[in-house]
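In what follows, a structure is listed as structure tokens, so that the remarks can point back to it.
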Amino acid sequence: MEHRIILAGFGGQGVMLTGQLMTYAGMMEGKEVAWIPSYGPEMRGGTANCSITIADKPIASPIVYEPTVAIVLNQPSLEKFAPKVVPGGLLMINSSLVNGQSDRTDIRQIGLKANDLANEIGDSKVANMVILGSLIGLTGIISMESILESLRKVLPPHRHKLIPMNQQALEKGMEQVLSLS
Amino acid sequence: MSEKVLMKGNEAIAEAAILAGCRCFFGYPITPQNELIEYMARHLPEAGGTFLQCESEIGAINMVFGASSAGVRAMTSSSSPGISLKQEGISYIAGAELPAVIVNIVRCGPGLGGILPSQSDYFQSTRGGGHGDYRMFVLAPNSVQELADLTLLAFEKADEYRTPVMILGDGILGQMMEPVVLPEKATITVDKPWATTGRGKRGKNNLVSSLFLNPEELEQHNFKLQRKYDLMKEKETRWESYLTEDAEVIVVAYGSAARLSMAAVNMAREQGIKAGLIRPITLFPFPDQPIRAQAEKGTAFLAVELSTGQMVEDVRLAVEGRSPVHFYGRCGGVVPDPKEILEKIVAIRALQEARSESTEGGAA
């Protein structure tokens with residue numbers, strides 16, 4: 001199985017870090033992983049995305065053209081990536097910032113008010129973790145335990161005080177999708 | 001040290017260089033290799049080394065010349081336009097027979113070009129971008145693990161052959177993150193009796209120079225360099241063959257283009273097309289031998305590059321007209337979808353089949 005994930009949003013929404021966490025978690029689970037950012041002449045507030053591949057076999061190309069999962073945190077990302085998802089793939093939408101859905105009928109679409117849910121916890125900055133929690137709940141591509149472990153590894157020690165809030169956000173996202181099904 | 005860590009390609013080169021015993025780094029910022037410089041700035045001093053952000057790329061390469069003359073393992077890194085600026089220094093390093101490691105995380109050109117990935121510096125790297133009759137040992141890694149491993153090898157071979165070694169990556173390899181098991185710290189065994197470390201008990205001063213005003217002497221010097229390059233061809237050629245045993249179409253690609261090509265070869269195999277991949281790991285010396293061996297069997301070749309066609313010339317030289325050599329390239333920072341490469345493989349296979357049918361028809 002090869003999961004090819006695109007995570008896209010505005011600069012500052014934690015797109016790169018969330019992708020790195022997933023990659024780290026996959027590596028700790030003994031899977032083949034690769035992460036690559038879209039890099040280019042970017043600006044503050046511009047769009048940012050990264051590609052994550054988590055697979056059982058060695059990964060040939062680290063660049064994702066046809067994602068099995070696309071997570072879109074803002075409107076431009078929905079328009080850009082919804083058409084690229086493979087038939088039968090998953091499109092996760094941050095409905096706090098994105099209006100509507102894609103008109104595709106051959107993919108699974110999940111809308112989640114990630115920023116609103118993050119605000120309930122007390123900080124809209126953890127919206128990325130809410131979405132990541134939902135992805136874990138929906139797919140099990142990686143486990144909650146390994147994400148928490150990678151948070152401890154990826155965050156520098158002086159940021160570890162933020163782990164409880166991130167964990168809360170991950171769990172909130174997970175509960176939300178489990179209640180959907 | 002055997003724990004797997006997730007690292008960016010640029011960072012893996014820097015860490016591996018420190019483990020290789022690099023103690024002098026001279027650089028000047030340029031995208032897409034800045035993480036390498038940042039990592040060196042933070043961690044090289046911790047290892048007791050010297051990090052210096054220079055006034056220019058030209059300053060950096062000449063500082064490498066100086067540090068290397070004194071026997072220190074030294075490195076510089078940059079991206080295409082910056083590497084162009086270093087060419088004079090690289091030629092001097094080759095002429096003075098100094099070990100040095102130069103990293104080029106290639107971006108698009110010509111000129112200021114763009115910051116996206118490219119493989120358009122193949123000619124510059126393998127044909128001697130500077131003046132004079134010299135060659136550079138050029139390594140082309142295709143994963144973060146290989147970036148680390150080949151950095152270690154680069155320092156080793158630079159010392160062994162007293163020659164500049166280039167690690168040729170691109171924006172994809174520099175920016176991507178993959179798990180890497182960092183190599184063990186190198187034990188440096190090579191002796192450098194030629195280094196300018198003070199006269200000490202030597203009878204006369206060591207001199208590091210690339211100036212030879214006597215033509216006979218300079219000719220001998222050039223012949224000596226040439227023998228060194230011949231020895232590299234004999235002993236240091238490296239490549240990876242993937243599914244080539246029964247292949248009817250072989251893709252030749254290096255670095256990130258080899259990753260894309262491997263995906264295309266896998267797709268072709270799923271369709272029942274016998275495709276394979278030869279991936280040069282050293283670009284100079286170029287792996288002629290495995291390519292020629294396949295050409296003798298009549299295999300068709302497809303060179304894939306992120307350029308308008310540079311390495312393809314070395315493929316043609318290796319094949320020497322024995323079998324067809326096709327080319328597919330994208331440039332300007334456009335990275336092809338492996339499906340585009342697949343289409344090309346399918347077309348070449350169809351051409352092969354049509355040819356063999358017409359030959360059979362002719363014989364009957």
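Identifiers in this document derive from the order of the structure tokens: chains are assigned A, B, ..., residues are numbered from 1 separately in each chain, and ligands are numbered from 1 in order of occurrence.
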Legend entry - Residues near A:Phe10, cut-off 6 Å, only C-alpha atoms, skip fewer than 3 positions along chain, as a PyMOL selection string: chain A and resi 13+45-48
Enumerate, in order of chain and increasing residue number, the residues of chain A with an atom no farther than 8 Å from chain B, each with its shortest atom pair and distance in Å to one decimal, counting only C-alpha atoms, as a tab-separated table.
residue	atom	partner	partner_atom	distance
A:Tyr24	CA	B:Leu6	CA	6.5
A:Met27	CA	B:Pro179	CA	6.9
A:Val33	CA	B:Glu178	CA	6.3
A:Ala34	CA	B:Glu178	CA	4.9
A:Trp35	CA	B:Met177	CA	4.9
A:Ile36	CA	B:Met176	CA	4.4
A:Pro37	CA	B:Met176	CA	6.9
A:Tyr39	CA	B:Leu116	CA	7.6
A:Gly40	CA	B:Leu116	CA	6.5
A:Pro41	CA	B:Ile115	CA	7.7
A:Ala60	CA	B:Ala263	CA	5.0
A:Ser61	CA	B:Arg259	CA	4.9
A:Pro62	CA	B:Arg259	CA	7.7
A:Tyr65	CA	B:Asp337	CA	6.9
Just C-alpha atoms for this one: save the residues we selected as a CSV table (one decimal), in the first residue's frame.
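Final output, selection.csv:
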chain,number,residue,atom,x,y,z
A,24,TYR,CA,8.2,11.0,11.2
A,27,MET,CA,9.2,6.3,9.8
A,33,VAL,CA,8.5,7.6,4.0
A,34,ALA,CA,9.3,10.8,2.0
A,35,TRP,CA,8.4,14.4,2.5
A,36,ILE,CA,8.8,17.2,0.1
A,37,PRO,CA,7.7,20.8,0.2
A,39,TYR,CA,9.2,25.4,-2.6
A,40,GLY,CA,9.5,28.4,-4.8
A,41,PRO,CA,9.3,32.1,-4.6
A,60,ALA,CA,10.3,5.7,-6.3
A,61,SER,CA,9.2,9.3,-6.8
A,62,PRO,CA,8.8,11.4,-3.7
A,65,TYR,CA,1.0,14.0,-8.7
Inset, instruction - Tell me which protein, DNA and RNA residues are within 10 Å of B:Gln310, counting only C-alpha atoms, leaving out same-chain ones fewer than 4 positions away, and put them as a list in words. - result: Gln119, Ser120, Asp121, Tyr122, Phe123, Gln124, Ala303, Val304, Glu305, Leu306, Asp314, Val315, Phe327 and Gly329 of chain B
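Between atom CA of B:Ser56 and atom CA of B:Leu225 the interatomic distance comes to 29.0 Å.
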Inset, instruction - Go through stretch 34-102 of chain A and collect every residue that DSSP, computed from the backbone, puts in alpha helix (DSSP H); the answer should be as a list in words. - result: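 Here are the alpha helix (DSSP H) residues of stretch 34-102 of chain A: Gln75, Pro76, Ser77, Leu78, Glu79, Lys80 and Phe81 of chain A.
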May I have the selected residues written with C-alpha atoms, as a PDB file, in the first residue's frame?
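For reference, part-v2.pdb as written:
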ATOM      1  CA  GLN A  75     -10.057  27.876  -0.679  1.00  0.00           C
ATOM      2  CA  PRO A  76      -7.279  28.046  -3.321  1.00  0.00           C
ATOM      3  CA  SER A  77      -6.046  24.624  -2.227  1.00  0.00           C
ATOM      4  CA  LEU A  78      -9.487  23.074  -2.749  1.00  0.00           C
ATOM      5  CA  GLU A  79      -9.598  24.373  -6.290  1.00  0.00           C
ATOM      6  CA  LYS A  80      -6.049  23.286  -7.029  1.00  0.00           C
ATOM      7  CA  PHE A  81      -5.994  19.796  -5.519  1.00  0.00           C
TER       8      PHE A  81
END
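A straight line drawn from atom CA of B:Ser209 to atom CA of B:Glu160 is 18.6 Å long.
Using only C-alpha atoms, the residues found no farther than 12 Å from B:Ser69, other than those of its own chain fewer than 5 positions away, are Cys24, Asn62, Met63, Val64, Ala74, Tyr92, Ile93, Ala96, Glu97, Leu98, Pro99, Ala100, Asp159, Arg162, Thr163, Lys192, Pro193, Trp194, Ala195, Thr196, Thr197, Gly198, Asn206, Leu207, Val208, Ser209 and Ser210 of chain B.
With only C-alpha atoms as the basis for measurement, B:Leu283 is the residue among B:Ala186, B:Leu283, B:Ala354, B:Ala148 that approaches B:Arg127 most closely.
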Legend entry - Residue set, stretch 176-230 of chain B restricted to strand (DSSP E or B), as a VMD selection string: chain B and resid 177 to 181
